[in-house]
Amino acid sequence: MSEWLESAITRAQGINDWLLPKRANAIELLSNTKWPTRKAEAWRYTPLRSVERSVAKAINDVVGLSPVDITDLSAIELVFVNGKFDATQLTKVLPKGLSISLGKNLDSAQQKGALETFSSIKPERHLFGLVNDALAQDVVVVTVADGVDIAEPIRISSLLSQGGESHTRVQVTLGDGSRLAVIEDVQAQGDSLNTAFVEYHVASNAQLEHYRFALQTGSNISIGGSHFNLLDRAKMHSTIVAFGSDLSRLDTDIIHAGEFADAKLNAMYLLDGKELFDLHATVEHAMPNGTTEENVRCIAADRSRAVFNGRIHIHRDAQKTLAELNNRNLLMSNTAEINTKPELEIYADDVRCAHGATVAQIDKQALYYLQTRGISRSKAQVMLNFGFINELIDLMPNAALAEWVRPIIRERFSQMEVK
Amino acid sequence: MSNAKNLLTIKDLHASVEEKQIIKGLNLDIKPGEVHAIMGPNGAGKSTLGYVLSGRDGYTVDSGAVTLDGKNLFEMETEERARAGLFLAFQYPVEIPGVSNLEFLKASVDAQREARGEDAITSADFLKEAKAACKQVNLPIAFLKRGVNEGFSGGEKKRNELMQMLLLKPKLCILDETDSGLDIDALQVVAEGVNSQRSADRSFIVVTHYQRLLDYIKPDFVHVLSDGKIVKSGDASLAHELEAQGYAWLQKEPAEDELEG
């Protein structure tokens, strides 16, 4: 076991609050877990040396950090600063049918319900999910009542100052037939370490629109997850946009726990320098008639490293499942690395599934075509890269977010070089 | 006219693709406002000429000189040649999903404006110009929003090339087998577009296998390209001769390699 994990367990053992039973369970599991080496499949291409060496520490005073402004986006802001929930930044009067509360402030009946939901969707195999179970203290519980359509998105921001460590946790429950949009975001200064996990329970006929931005770069370590449980005819549409950092890892799990559920996941990550980004996306089709469409695109420049593991598991009962996974990668240099592993595991016989992964270099013919029209080689590269990603940006349901992220991505492309 | 300075001068050009020589001593002078047709059998080097002049990777100039407006073409990058007024209409235009036609067209126009020291055109002004160009080449306005050539039919791609020509206003247009894959209606639209752009300060090289296109775009000169050289030149009537005789008379023995499609 690593010193880092030992210290985390020791700290967790000192916390005594309403989450005690779940925390105790996580601590026990962690105590019996071997610290992963490169032989562990889940961490094969993502070494944890940087975690072992991390000097990030819990920072107790809540410094005046606030999330970046997104033009034309009006959102209900849930802000964590160095892991502490900053209630002063939740200024909106909440619409009817939406409740947001710190778990520790719930009454005992509500707390009992929240405790049952806690960690019921996120699988136990996620090592840092267990770390988050053990160390997250300000757990925020979001509930949308049956049939309620919440017009404004909720934005969950995890802000870290220099050298800070944080463990944030939110659980979101959408009642029958309700609608909600949630944006997850991390903004981290250097030498920081962060685990951020959100669990979503999407009840029958409910619709969730989800975004996760992991645009933090540099000497930041971020390990997190978004986990979704879909009941009958539930729908989710998720968009992930990421850059890389010293270590940036995201695990998503989509569980079709009801029939006729529909999941769309579009992920894109753009890596430069020596950045690392790792996406592990798992879809469990446990029930019949579900659909999943997953599009994952990556552009890796310089000496960066991208890891993708996309697993679709179709259980014996999940007849009439439609599932597609498409992963496309562009390498911009000879020293960048892309590790991709799509996995289909099918136990039902009447299903339609497809998966594919490609790794390519920038299309030289297209580059030449643009140049023959007077466009410089470097501008043409930006246009082509942007085009590759823009197809997915165009699918983002929230126009304000798309408009916000486009120039950020364009800026990144202008820095990435073909080598 | 004959005393005017050449717009394009090609002197004893030799060029290869993958170490195989395709252009073997080509000479050609083009003055402003002239339309030259280059005809010839498959494998003669017709498309190669366009690629060499535009500076495509993998096409190597072995010897010879080319000047455009007095400037050494081979000292310029592909994009600089375009900004100097060279335009190649592709036989097979490239599909670029994700880059909208409008964005592509505006970036092209802006790059050339920038080279002339002008500011970028405003989006509103450009949209107006692009819509007019769309109309002129008979493409629905919706094509501006689609990915560059993405899912376009053969004819639509050729019309999109023509639209770029209308917007970029080049000095020298090379039309590489623009007639291939076009039905007679599409051919007329393209020919009308080209004819509308003929002017005293714009020249054309019309590369074609068939005489048909030249019924619509009347050339001032016709050259026969065979085995990398111009073997015969004449006026428009030469095209009709070729149509009647075919290209067989050029070749004592059949070409072994047919590098062009």
# chains A, B, ... in the order shown; residues from 1 in each chain; ligands from 1

$ closest_atom_pairs --of "chain B" --to "chain A" --cutoff "8 Å" --atoms "only C-alpha atoms" --output "tab-separated table"
residue	atom	partner	partner_atom	distance
B:Ser54	CA	A:Thr372	CA	6.6
B:Arg56	CA	A:Tyr368	CA	6.7
B:Asp57	CA	A:Tyr368	CA	7.9
B:Thr78	CA	A:Thr372	CA	5.8
B:Glu79	CA	A:Gly374	CA	4.1
B:Glu80	CA	A:Gly374	CA	6.4
B:Arg81	CA	A:Gly374	CA	7.5
B:Ala82	CA	A:Gly374	CA	4.8
B:Arg83	CA	A:Gly374	CA	5.3
B:Phe87	CA	A:Thr372	CA	7.0
B:Leu88	CA	A:Thr372	CA	7.1
B:Pro93	CA	A:Tyr369	CA	7.9
B:Val94	CA	A:Ala366	CA	6.1
B:Glu95	CA	A:Ala366	CA	7.4
B:Ile96	CA	A:Ala366	CA	6.6
B:Pro97	CA	A:Gly387	CA	6.6
B:Gly98	CA	A:Gly387	CA	3.9
B:Val99	CA	A:Gly387	CA	4.6
B:Phe104	CA	A:Leu370	CA	7.9
B:Ala107	CA	A:Ile375	CA	6.7
B:Ser108	CA	A:Arg373	CA	5.4
B:Val109	CA	A:Gly374	CA	7.9
B:Ala111	CA	A:Ile375	CA	5.6
B:Gln112	CA	A:Gly374	CA	6.1

$ atom_distance --atom1 "CA of Ala257 in chain A" --atom2 "CA of Ser222 in chain A"
28.6 Å

$ closest_residue --among "B:Ala84, B:Ala15, B:Leu139, B:Val206" --to "Gly58 in chain B" --atoms "only C-alpha atoms"
B:Ala15

$ residues_around --residues "range 212-229 of chain B" --least-positions-apart "4" --cutoff "6 Å" --atoms "only C-alpha atoms" --output "ChimeraX atom specification"
/B:22-26,35-40,44-45,191,233-236

$ select_by_dssp --residues "range 120-304 of chain A" --states "alpha helix (DSSP H)" --output "ChimeraX atom specification"
/A:127-135

$ closest_residue --among "A:Ala181, A:Val418, A:Arg23, A:Val186" --to "Ser74 in chain A" --atoms "only C-alpha atoms"
A:Ala181

$ atom_distance --atom1 "CA of Trp18 in chain A" --atom2 "CA of Gln111 in chain A"
7.7 Å

$ residues_around --residues "Ala120 in chain B" --least-positions-apart "6" --cutoff "7 Å" --atoms "only C-alpha atoms" --output "number ranges by chain"
B: 110, 113-114

$ write_last_selection --atoms "C-alpha atoms" --output "short mmCIF file (atom, residue, chain, number, x, y, z; two decimals), in the first residue's frame"
data_model
loop_
_atom_site.label_atom_id
_atom_site.label_comp_id
_atom_site.auth_asym_id
_atom_site.auth_seq_id
_atom_site.Cartn_x
_atom_site.Cartn_y
_atom_site.Cartn_z
CA ASP B 110 -9.72 36.25 -45.61
CA ARG B 113 -7.28 39.57 -48.28
CA GLU B 114 -4.73 39.44 -45.50
#

$ decode --residues "range 44-87 of chain B" --atoms "N, CA and C atoms" --output "compact mmCIF listing (two decimals), in the first residue's frame"
# COMPACT_ATOMS: atom_id res chain seq x y z
N ALA B 44 -0.93 10.92 -69.44
CA ALA B 44 -0.05 11.85 -70.14
C ALA B 44 0.62 12.83 -69.18
N GLY B 45 0.00 13.03 -67.99
CA GLY B 45 0.55 13.98 -67.02
C GLY B 45 -0.33 15.20 -66.82
N LYS B 46 -1.59 15.12 -67.28
CA LYS B 46 -2.48 16.28 -67.22
C LYS B 46 -2.74 16.74 -65.79
N SER B 47 -3.17 15.79 -64.93
CA SER B 47 -3.46 16.16 -63.54
C SER B 47 -2.18 16.49 -62.79
N THR B 48 -1.11 15.77 -63.12
CA THR B 48 0.18 16.01 -62.46
C THR B 48 0.60 17.47 -62.62
N LEU B 49 0.36 18.02 -63.80
CA LEU B 49 0.75 19.41 -64.04
C LEU B 49 0.10 20.34 -63.01
N GLY B 50 -1.21 20.15 -62.78
CA GLY B 50 -1.92 20.99 -61.80
C GLY B 50 -1.34 20.82 -60.40
N TYR B 51 -1.03 19.57 -60.04
CA TYR B 51 -0.49 19.32 -58.70
C TYR B 51 0.91 19.91 -58.53
N VAL B 52 1.71 19.81 -59.59
CA VAL B 52 3.06 20.37 -59.51
C VAL B 52 2.99 21.89 -59.39
N LEU B 53 2.13 22.49 -60.19
CA LEU B 53 2.03 23.96 -60.15
C LEU B 53 1.50 24.45 -58.81
N SER B 54 0.62 23.66 -58.17
CA SER B 54 0.07 24.11 -56.89
C SER B 54 0.93 23.67 -55.71
N GLY B 55 1.92 22.81 -55.95
CA GLY B 55 2.86 22.46 -54.88
C GLY B 55 2.40 21.36 -53.97
N ARG B 56 1.82 20.32 -54.52
CA ARG B 56 1.38 19.22 -53.68
C ARG B 56 2.56 18.39 -53.19
N ASP B 57 2.47 17.97 -51.91
CA ASP B 57 3.51 17.10 -51.34
C ASP B 57 3.64 15.84 -52.19
N GLY B 58 4.87 15.40 -52.39
CA GLY B 58 5.08 14.16 -53.12
C GLY B 58 5.30 14.38 -54.61
N TYR B 59 5.06 15.61 -55.07
CA TYR B 59 5.29 15.94 -56.47
C TYR B 59 6.57 16.76 -56.55
N THR B 60 7.60 16.19 -57.12
CA THR B 60 8.92 16.80 -57.07
C THR B 60 9.28 17.43 -58.41
N VAL B 61 9.76 18.67 -58.33
CA VAL B 61 10.25 19.34 -59.54
C VAL B 61 11.72 18.94 -59.72
N ASP B 62 12.03 18.33 -60.84
CA ASP B 62 13.41 17.89 -61.07
C ASP B 62 14.23 18.98 -61.74
N SER B 63 13.63 19.65 -62.70
CA SER B 63 14.33 20.76 -63.34
C SER B 63 13.32 21.62 -64.08
N GLY B 64 13.80 22.75 -64.55
CA GLY B 64 12.91 23.67 -65.25
C GLY B 64 12.47 24.80 -64.35
N ALA B 65 11.77 25.77 -64.93
CA ALA B 65 11.36 26.95 -64.18
C ALA B 65 9.93 27.33 -64.52
N VAL B 66 9.22 27.83 -63.50
CA VAL B 66 7.87 28.33 -63.72
C VAL B 66 7.75 29.69 -63.05
N THR B 67 7.28 30.67 -63.78
CA THR B 67 7.01 31.96 -63.15
C THR B 67 5.54 32.32 -63.31
N LEU B 68 4.99 32.89 -62.24
CA LEU B 68 3.63 33.40 -62.27
C LEU B 68 3.74 34.90 -62.03
N ASP B 69 3.30 35.69 -62.99
CA ASP B 69 3.42 37.15 -62.87
C ASP B 69 4.88 37.56 -62.61
N GLY B 70 5.80 36.84 -63.19
CA GLY B 70 7.22 37.17 -63.05
C GLY B 70 7.88 36.61 -61.80
N LYS B 71 7.07 36.02 -60.89
CA LYS B 71 7.66 35.48 -59.65
C LYS B 71 7.91 33.98 -59.77
N ASN B 72 9.01 33.54 -59.19
CA ASN B 72 9.35 32.13 -59.22
C ASN B 72 8.35 31.32 -58.39
N LEU B 73 7.58 30.51 -59.06
CA LEU B 73 6.51 29.77 -58.39
C LEU B 73 7.05 28.78 -57.36
N PHE B 74 8.20 28.18 -57.68
CA PHE B 74 8.69 27.11 -56.82
C PHE B 74 9.36 27.61 -55.55
N GLU B 75 9.46 28.92 -55.42
CA GLU B 75 9.96 29.46 -54.15
C GLU B 75 8.82 29.74 -53.18
N MET B 76 7.60 29.45 -53.62
CA MET B 76 6.44 29.76 -52.78
C MET B 76 5.80 28.48 -52.23
N GLU B 77 5.26 28.58 -51.00
CA GLU B 77 4.45 27.49 -50.45
C GLU B 77 3.13 27.43 -51.21
N THR B 78 2.45 26.31 -51.06
CA THR B 78 1.15 26.13 -51.72
C THR B 78 0.21 27.31 -51.45
N GLU B 79 0.12 27.73 -50.17
CA GLU B 79 -0.82 28.80 -49.85
C GLU B 79 -0.38 30.14 -50.45
N GLU B 80 0.95 30.33 -50.58
CA GLU B 80 1.44 31.58 -51.16
C GLU B 80 1.14 31.64 -52.66
N ARG B 81 1.20 30.48 -53.29
CA ARG B 81 0.86 30.42 -54.72
C ARG B 81 -0.62 30.81 -54.91
N ALA B 82 -1.45 30.30 -54.01
CA ALA B 82 -2.88 30.63 -54.09
C ALA B 82 -3.09 32.13 -53.91
N ARG B 83 -2.35 32.69 -52.95
CA ARG B 83 -2.51 34.13 -52.69
C ARG B 83 -1.96 34.96 -53.84
N ALA B 84 -1.02 34.37 -54.59
CA ALA B 84 -0.48 35.08 -55.75
C ALA B 84 -1.42 34.98 -56.96
N GLY B 85 -2.53 34.22 -56.79
CA GLY B 85 -3.53 34.21 -57.86
C GLY B 85 -3.70 32.89 -58.58
N LEU B 86 -3.07 31.81 -58.06
CA LEU B 86 -3.22 30.51 -58.70
C LEU B 86 -4.40 29.75 -58.07
N PHE B 87 -5.23 29.20 -58.91
CA PHE B 87 -6.37 28.45 -58.40
C PHE B 87 -6.48 27.13 -59.14
